[in-house]
Amino acid sequence: MLEGNVLIESLVELIRRSSTSIPQDVQDVIARAADREEPGSSAQSTLRLVLDNIRTAQSMSRPVCQDTGSLLFHIQRGRNYLQRTIERAVNAALPIATERAYLRPNTVDPLTGKNPNDNTGVGVPYMHFEESDDDFLLEVALLQKGGGSENVSCQYSLPDASLGAGRDLEGVRRCILDGVHKAQGKGCAPGIVGVGIGGDRGTSFLVAKQQLLRRLDDRSPIGALAQLEERLMGEANSLGIGPMGCGGRTTVLAVKAGIAYRLPACYFVSMAYMCWALRRHTMVVAANGEVTYHD
Amino acid sequence: MIELRLPAAEEMIRRLRVGEEVSISGVMITARDAAHRYLTDTDGPEAREVLRGSMIYHCGPVVVREGGEWRFVAAGPTTSAREEVYEADIIARYGVRGIIGKGGMGEKTLAACREHGCVYLDAIGGLAVVIAQSVRRILDVHKLEEFGVPEAMWVIEVENFPATVGMDTYGRSIYKEIEQKSAARLRELFGQPAR
């Protein structure tokens, strides 16, 4: 069991690791993409600079990107951990992580425009809780998603006549290709595309965002989605938008899709566009209180 | 690689072409949404002198204060498109020679670049640590209290800041060209006739 300052410091460490590193599976995909670009092209040098930036950030323990993003916590807790205990600990960890420059002051009151300068505020950070059967387990996954990539994320309501998109996987395909095209380089391409199919407007986006917690080298267990992911990956890259929208063979690094049951009257398709700087990290607290981290 | 020293002369800027890589040294200023609005609504007395012949960097940095001195820790570019409504006017009024950001800008800015002798430079989005290392000194900061850290106007001295020309004074924009090419490919993927 972890509590008090030890829990808070462990969460600060989770934020530090998440903010200052990029998961190895993402780095591997970027490295392979760099090798596939035209030798000597600006797309290739951009991707190599990106890899250089990732290595430097990690070795100096500095944020990979200055937009340390919105923080999405996905928390599994055994019943020995109260939800409110964790919420308080997370809220106590944020000002410390900001003070140590692992996070930029990144929350703004939409009414007054004021920034409290410590990453606290109404409705932030987003925390999703699930109760685990293991009474003593605490597992906290953190995703940091920057505002540029959030701005190009989008949602469609099918049918959509302008895209010729009906209420089926072909319709979903058209939405995502359109979304990637509209995003161009503005969301810091090459991106990782999370797709949410179905749900209501809120849960559809949530499903899309949760896909970003998956490893890039996994495969959807649902055959139809695995096929869709693969096809969209190839087709999106054929658009030629390239790193930062300046042209090239790498427009997306992965496409990951998930579903939620929809209402009979609704068919939403959500695209959560994530920049190449996919910051995800997980902290696991064992029953004996031992803390481990993995990406 | 072309060396660019700030303040830059107009003829130097007018020689630059889309796709060329530059390395920038000198004094520039960061500005995001709040600062652009401020520079539009006022005469920007704090920024006016620095901006003449210099560049605006679309950036909201992570900063630390050590021994009374500010230092950039992470300072990559932010999305420039948000400033499209303001930029052409700011280029004209302040005599700005370069806009540095990511993702490119629109027709109004492209026209202002052509008319007033300004270029848009693409810094790589997310290249936060590498670019922060090219920031040698922070000379001043304006509107810190009012705008907050990301939105404040930081006057910075940079050395060998890496960027690529994305929009030049000849009316060319790499973003426009890529957008059109990818739109044609999208129509193919949708099984629609080419336009």
# chains A, B, ... in the order shown; residues from 1 in each chain; ligands from 1
$ select_by_dssp --residues "stretch 142-191 of chain B" --states "alpha helix (DSSP H)" --output "PyMOL selection string"
chain B and resi 144-147+174-189
$ write_last_selection --atoms "C-alpha atoms" --output "tab-separated table (two decimals), in the first residue's frame"
chain	number	residue	atom	x	y	z
B	144	LEU	CA	4.36	37.54	-18.14
B	145	GLU	CA	1.88	38.24	-15.34
B	146	GLU	CA	-1.01	39.01	-17.63
B	147	PHE	CA	-0.58	36.30	-20.28
B	174	ILE	CA	5.13	24.10	-49.49
B	175	TYR	CA	1.98	23.57	-47.40
B	176	LYS	CA	-0.32	24.67	-50.21
B	177	GLU	CA	1.45	22.41	-52.66
B	178	ILE	CA	1.35	19.36	-50.37
B	179	GLU	CA	-2.30	20.05	-49.52
B	180	GLN	CA	-3.23	20.06	-53.21
B	181	LYS	CA	-1.25	16.90	-54.00
B	182	SER	CA	-2.72	15.02	-51.04
B	183	ALA	CA	-6.24	16.20	-51.97
B	184	ALA	CA	-5.79	14.70	-55.44
B	185	ARG	CA	-4.66	11.41	-53.89
B	186	LEU	CA	-7.64	11.49	-51.51
B	187	ARG	CA	-10.04	11.77	-54.44
B	188	GLU	CA	-8.35	8.72	-55.99
B	189	LEU	CA	-8.78	6.76	-52.77
$ interface_residues --of "chain A" --to "chain B" --cutoff "9 Å" --atoms "only C-alpha atoms" --output "compact mmCIF listing (two decimals) with C-alpha atoms, in the first residue's frame"
# COMPACT_ATOMS: atom_id res chain seq x y z
CA SER A 42 13.99 16.88 -45.68
CA THR A 46 13.22 15.81 -39.96
CA LEU A 49 16.18 15.27 -35.79
CA VAL A 50 13.06 14.04 -34.02
CA ASP A 52 17.85 13.07 -31.77
CA ASN A 53 15.49 15.31 -29.80
CA ILE A 54 13.94 12.28 -28.06
CA THR A 56 18.53 14.37 -25.80
CA ALA A 57 15.31 15.00 -23.85
CA MET A 60 18.75 15.55 -19.89
CA ARG A 62 13.63 17.51 -20.05
CA PRO A 63 10.18 17.53 -21.66
CA VAL A 64 10.30 16.00 -25.14
CA CYS A 65 7.88 18.73 -26.25
CA GLN A 66 7.19 22.08 -24.61
CA ASP A 67 3.48 21.41 -24.96
CA THR A 68 3.27 18.92 -22.13
CA GLU A 99 7.65 23.55 -10.32
CA ARG A 100 10.33 21.09 -11.49
CA ALA A 101 9.60 21.99 -15.14
CA TYR A 102 8.43 18.50 -16.12
CA LEU A 103 5.18 20.22 -17.08
CA ARG A 104 4.49 23.62 -18.62
CA PRO A 105 1.78 25.61 -16.83
CA ASN A 106 -0.86 24.31 -19.19
CA GLY A 113 -8.02 33.57 -19.49
CA LYS A 114 -6.02 33.19 -16.29
CA ASN A 115 -3.42 30.44 -15.98
CA PRO A 116 -3.01 29.22 -12.36
CA ASN A 117 0.54 28.20 -13.31
CA GLY A 147 -2.94 20.94 -27.98
CA GLY A 148 -1.84 21.04 -31.63
CA LEU A 163 -17.68 12.10 -48.13
CA GLY A 164 -19.98 9.46 -49.60
CA ARG A 174 -13.54 7.66 -45.58
CA LEU A 177 -8.75 9.51 -44.52
CA ASP A 178 -10.58 12.84 -44.66
CA HIS A 181 -6.00 14.93 -44.93
CA LYS A 182 -7.56 17.91 -43.14
CA GLN A 184 -2.08 17.96 -42.87
CA GLY A 185 1.04 18.66 -40.77
CA LYS A 186 -0.72 20.82 -38.18
CA GLY A 187 -0.93 18.10 -35.54
CA CYS A 188 2.84 17.43 -35.80
CA ALA A 189 2.78 14.64 -38.35
CA GLU A 235 -3.65 4.58 -47.50
CA ALA A 236 -2.95 7.47 -45.12
CA SER A 238 0.00 7.28 -49.62
CA LEU A 239 -1.37 10.83 -49.16
CA GLY A 240 2.24 12.07 -49.11
CA ILE A 241 1.66 14.69 -46.40
CA GLY A 242 4.86 13.65 -44.66
CA PRO A 243 6.59 14.85 -41.49
CA MET A 244 5.29 18.33 -40.49
CA GLY A 245 3.20 18.45 -43.67
CA CYS A 246 6.24 19.20 -45.80
CA GLY A 247 5.91 16.05 -47.93
CA CYS A 275 1.49 13.89 -32.61
CA TRP A 276 4.64 11.79 -33.00
CA ALA A 277 5.50 12.77 -29.42
$ residues_around --residues "stretch 25-29 of chain B" --least-positions-apart "5" --cutoff "9 Å" --atoms "only C-alpha atoms" --output "ChimeraX atom specification"
/B:3-7,47,50-51,54-58,134,139,153-161
$ write_last_selection --atoms "N, CA and C atoms" --output "JSON list (two decimals), in the first residue's frame"
[["chain", "number", "residue", "atom", "x", "y", "z"],
["B", 3, "GLU", "N", 23.15, 30.85, -43.56],
["B", 3, "GLU", "CA", 23.25, 31.56, -42.28],
["B", 3, "GLU", "C", 22.41, 32.84, -42.35],
["B", 4, "LEU", "N", 21.53, 33.02, -41.39],
["B", 4, "LEU", "CA", 20.70, 34.22, -41.34],
["B", 4, "LEU", "C", 20.99, 34.97, -40.04],
["B", 5, "ARG", "N", 21.41, 36.22, -40.16],
["B", 5, "ARG", "CA", 21.63, 37.02, -38.95],
["B", 5, "ARG", "C", 20.52, 38.04, -38.79],
["B", 6, "LEU", "N", 20.06, 38.19, -37.56],
["B", 6, "LEU", "CA", 18.99, 39.17, -37.29],
["B", 6, "LEU", "C", 19.58, 40.39, -36.60],
["B", 7, "PRO", "N", 19.05, 41.59, -36.91],
["B", 7, "PRO", "CA", 18.02, 41.88, -37.91],
["B", 7, "PRO", "C", 18.51, 41.60, -39.33],
["B", 47, "ALA", "N", 7.53, 45.69, -27.91],
["B", 47, "ALA", "CA", 8.07, 44.78, -28.91],
["B", 47, "ALA", "C", 8.53, 45.48, -30.19],
["B", 50, "VAL", "N", 12.38, 45.66, -31.19],
["B", 50, "VAL", "CA", 12.97, 44.34, -31.44],
["B", 50, "VAL", "C", 12.45, 43.75, -32.75],
["B", 51, "LEU", "N", 11.16, 43.95, -33.02],
["B", 51, "LEU", "CA", 10.54, 43.28, -34.17],
["B", 51, "LEU", "C", 11.02, 43.81, -35.52],
["B", 54, "SER", "N", 13.35, 41.76, -37.53],
["B", 54, "SER", "CA", 13.58, 40.50, -36.81],
["B", 54, "SER", "C", 12.48, 39.48, -37.11],
["B", 55, "MET", "N", 12.32, 38.51, -36.24],
["B", 55, "MET", "CA", 11.36, 37.44, -36.48],
["B", 55, "MET", "C", 10.48, 37.18, -35.26],
["B", 56, "ILE", "N", 9.30, 36.67, -35.56],
["B", 56, "ILE", "CA", 8.38, 36.23, -34.52],
["B", 56, "ILE", "C", 8.44, 34.71, -34.47],
["B", 57, "TYR", "N", 8.61, 34.18, -33.28],
["B", 57, "TYR", "CA", 8.64, 32.73, -33.12],
["B", 57, "TYR", "C", 7.35, 32.30, -32.42],
["B", 58, "HIS", "N", 6.56, 31.47, -33.10],
["B", 58, "HIS", "CA", 5.32, 30.93, -32.50],
["B", 58, "HIS", "C", 5.71, 29.83, -31.52],
["B", 134, "SER", "N", 19.45, 26.01, -28.63],
["B", 134, "SER", "CA", 19.95, 27.10, -29.48],
["B", 134, "SER", "C", 19.58, 28.47, -28.91],
["B", 139, "LEU", "N", 16.63, 37.81, -22.97],
["B", 139, "LEU", "CA", 16.97, 39.21, -22.73],
["B", 139, "LEU", "C", 15.89, 39.94, -21.97],
["B", 153, "MET", "N", 5.53, 37.32, -24.08],
["B", 153, "MET", "CA", 6.46, 37.63, -25.18],
["B", 153, "MET", "C", 7.89, 37.57, -24.64],
["B", 154, "TRP", "N", 8.59, 36.51, -25.02],
["B", 154, "TRP", "CA", 9.97, 36.31, -24.55],
["B", 154, "TRP", "C", 10.93, 36.85, -25.60],
["B", 155, "VAL", "N", 11.79, 37.77, -25.20],
["B", 155, "VAL", "CA", 12.80, 38.30, -26.12],
["B", 155, "VAL", "C", 14.05, 37.42, -25.95],
["B", 156, "ILE", "N", 14.40, 36.71, -27.01],
["B", 156, "ILE", "CA", 15.47, 35.71, -26.88],
["B", 156, "ILE", "C", 16.60, 35.94, -27.89],
["B", 157, "GLU", "N", 17.78, 35.56, -27.47],
["B", 157, "GLU", "CA", 18.93, 35.60, -28.38],
["B", 157, "GLU", "C", 19.23, 34.15, -28.75],
["B", 158, "VAL", "N", 19.16, 33.86, -30.05],
["B", 158, "VAL", "CA", 19.39, 32.48, -30.49],
["B", 158, "VAL", "C", 20.67, 32.38, -31.31],
["B", 159, "GLU", "N", 21.20, 31.16, -31.35],
["B", 159, "GLU", "CA", 22.39, 30.90, -32.16],
["B", 159, "GLU", "C", 22.16, 29.59, -32.90],
["B", 160, "ASN", "N", 22.25, 29.64, -34.20],
["B", 160, "ASN", "CA", 22.08, 28.45, -35.04],
["B", 160, "ASN", "C", 20.75, 27.73, -34.81],
["B", 161, "PHE", "N", 19.71, 28.51, -34.82],
["B", 161, "PHE", "CA", 18.34, 27.97, -34.72],
["B", 161, "PHE", "C", 18.00, 27.35, -36.08]]
$ residues_around --residues "A:Ala208" --least-positions-apart "5" --cutoff "8 Å" --atoms "only C-alpha atoms" --output "VMD selection string"
chain A and resid 194 to 197 257 to 258 270 to 272
$ residues_around --residues "B:Glu49" --least-positions-apart "5" --cutoff "10 Å" --atoms "only C-alpha atoms" --output "ChimeraX atom specification"
/B:44,54,94-95
$ residues_around --residues "A:Cys175" --least-positions-apart "4" --cutoff "7 Å" --atoms "only C-alpha atoms" --output "VMD selection string"
chain A and resid 156 171 179
$ write_last_selection --atoms "C-alpha atoms" --output "tab-separated table (two decimals), in the first residue's frame"
chain	number	residue	atom	x	y	z
A	156	TYR	CA	-18.07	12.66	-37.87
A	171	GLY	CA	-17.78	4.97	-44.23
A	179	GLY	CA	-9.53	13.64	-41.08
$ residues_around --residues "A:Ser10" --least-positions-apart "2" --cutoff "12 Å" --atoms "only C-alpha atoms" --output "mmCIF file with C-alpha atoms, in the first residue's frame"
data_model
loop_
_atom_site.group_PDB
_atom_site.id
_atom_site.type_symbol
_atom_site.label_atom_id
_atom_site.label_comp_id
_atom_site.auth_asym_id
_atom_site.auth_seq_id
_atom_site.Cartn_x
_atom_site.Cartn_y
_atom_site.Cartn_z
ATOM 1 C CA LEU A 2 1.311 3.416 -0.942
ATOM 2 C CA GLU A 3 0.058 6.623 0.607
ATOM 3 C CA GLY A 4 0.840 10.185 1.581
ATOM 4 C CA ASN A 5 3.996 11.773 0.280
ATOM 5 C CA VAL A 6 5.386 8.521 -1.079
ATOM 6 C CA LEU A 7 2.360 8.151 -3.351
ATOM 7 C CA ILE A 8 2.614 11.796 -4.427
ATOM 8 C CA VAL A 12 5.616 13.039 -9.829
ATOM 9 C CA GLU A 13 8.148 10.461 -11.025
ATOM 10 C CA LEU A 14 5.525 8.981 -13.368
ATOM 11 C CA ILE A 15 4.930 12.452 -14.839
ATOM 12 C CA ARG A 16 8.688 13.054 -15.172
ATOM 13 C CA ARG A 17 9.211 9.780 -17.021
ATOM 14 C CA ILE A 86 -5.684 8.932 -5.625
ATOM 15 C CA ALA A 89 -2.461 12.635 -4.668
ATOM 16 C CA VAL A 90 -2.591 13.385 -8.402
ATOM 17 C CA ALA A 92 -0.864 17.361 -5.226
ATOM 18 C CA ALA A 93 1.661 15.939 -7.715
ATOM 19 C CA LEU A 94 0.785 18.421 -10.491
ATOM 20 C CA ILE A 96 5.342 19.792 -7.908
ATOM 21 C CA ALA A 97 5.839 18.470 -11.453
ATOM 22 C CA LEU A 138 -2.654 0.272 -8.165
ATOM 23 C CA GLU A 139 -1.826 0.823 -11.818
ATOM 24 C CA VAL A 140 -1.702 4.343 -13.230
ATOM 25 C CA THR A 282 2.598 3.391 -16.608
ATOM 26 C CA MET A 283 3.265 3.076 -12.908
ATOM 27 C CA VAL A 284 2.480 -0.189 -11.131
ATOM 28 C CA VAL A 285 2.341 -0.460 -7.360
ATOM 29 C CA GLY A 289 4.245 -1.178 -2.031
ATOM 30 C CA GLU A 290 7.030 -1.676 -4.547
ATOM 31 C CA VAL A 291 6.727 0.784 -7.452
ATOM 32 C CA THR A 292 7.774 -0.050 -11.005
ATOM 33 C CA TYR A 293 7.420 1.940 -14.210
#
$ atom_distance --atom1 "atom CA of A:Thr203" --atom2 "atom CA of A:Cys266"
12.4 Å
$ atom_distance --atom1 "atom CA of A:Ala224" --atom2 "atom CA of A:Thr250"
24.0 Å
$ atom_distance --atom1 "atom CA of A:Ala31" --atom2 "atom CA of A:Ala183"
22.7 Å
$ select_by_dssp --residues "chain B" --states "strand (DSSP E)" --output "number ranges by chain"
B: 2-5, 21-30, 55-57, 62-66, 69-74, 98-101, 119-122, 135-142, 153-167
$ decode --residues "stretch 13-24 of chain B" --atoms "C-alpha atoms" --output "JSON list (two decimals), in the first residue's frame"
[["chain", "number", "residue", "atom", "x", "y", "z"],
["B", 13, "ILE", "CA", 14.98, 37.61, -47.13],
["B", 14, "ARG", "CA", 13.83, 38.04, -50.73],
["B", 15, "ARG", "CA", 16.59, 35.69, -51.90],
["B", 16, "LEU", "CA", 15.26, 32.76, -49.85],
["B", 17, "ARG", "CA", 13.32, 29.98, -51.60],
["B", 18, "VAL", "CA", 10.93, 27.30, -50.36],
["B", 19, "GLY", "CA", 12.80, 24.18, -49.22],
["B", 20, "GLU", "CA", 16.06, 25.93, -48.29],
["B", 21, "GLU", "CA", 17.47, 25.16, -44.86],
["B", 22, "VAL", "CA", 18.53, 28.10, -42.71],
["B", 23, "SER", "CA", 20.39, 28.59, -39.47],
["B", 24, "ILE", "CA", 19.26, 31.71, -37.59]]
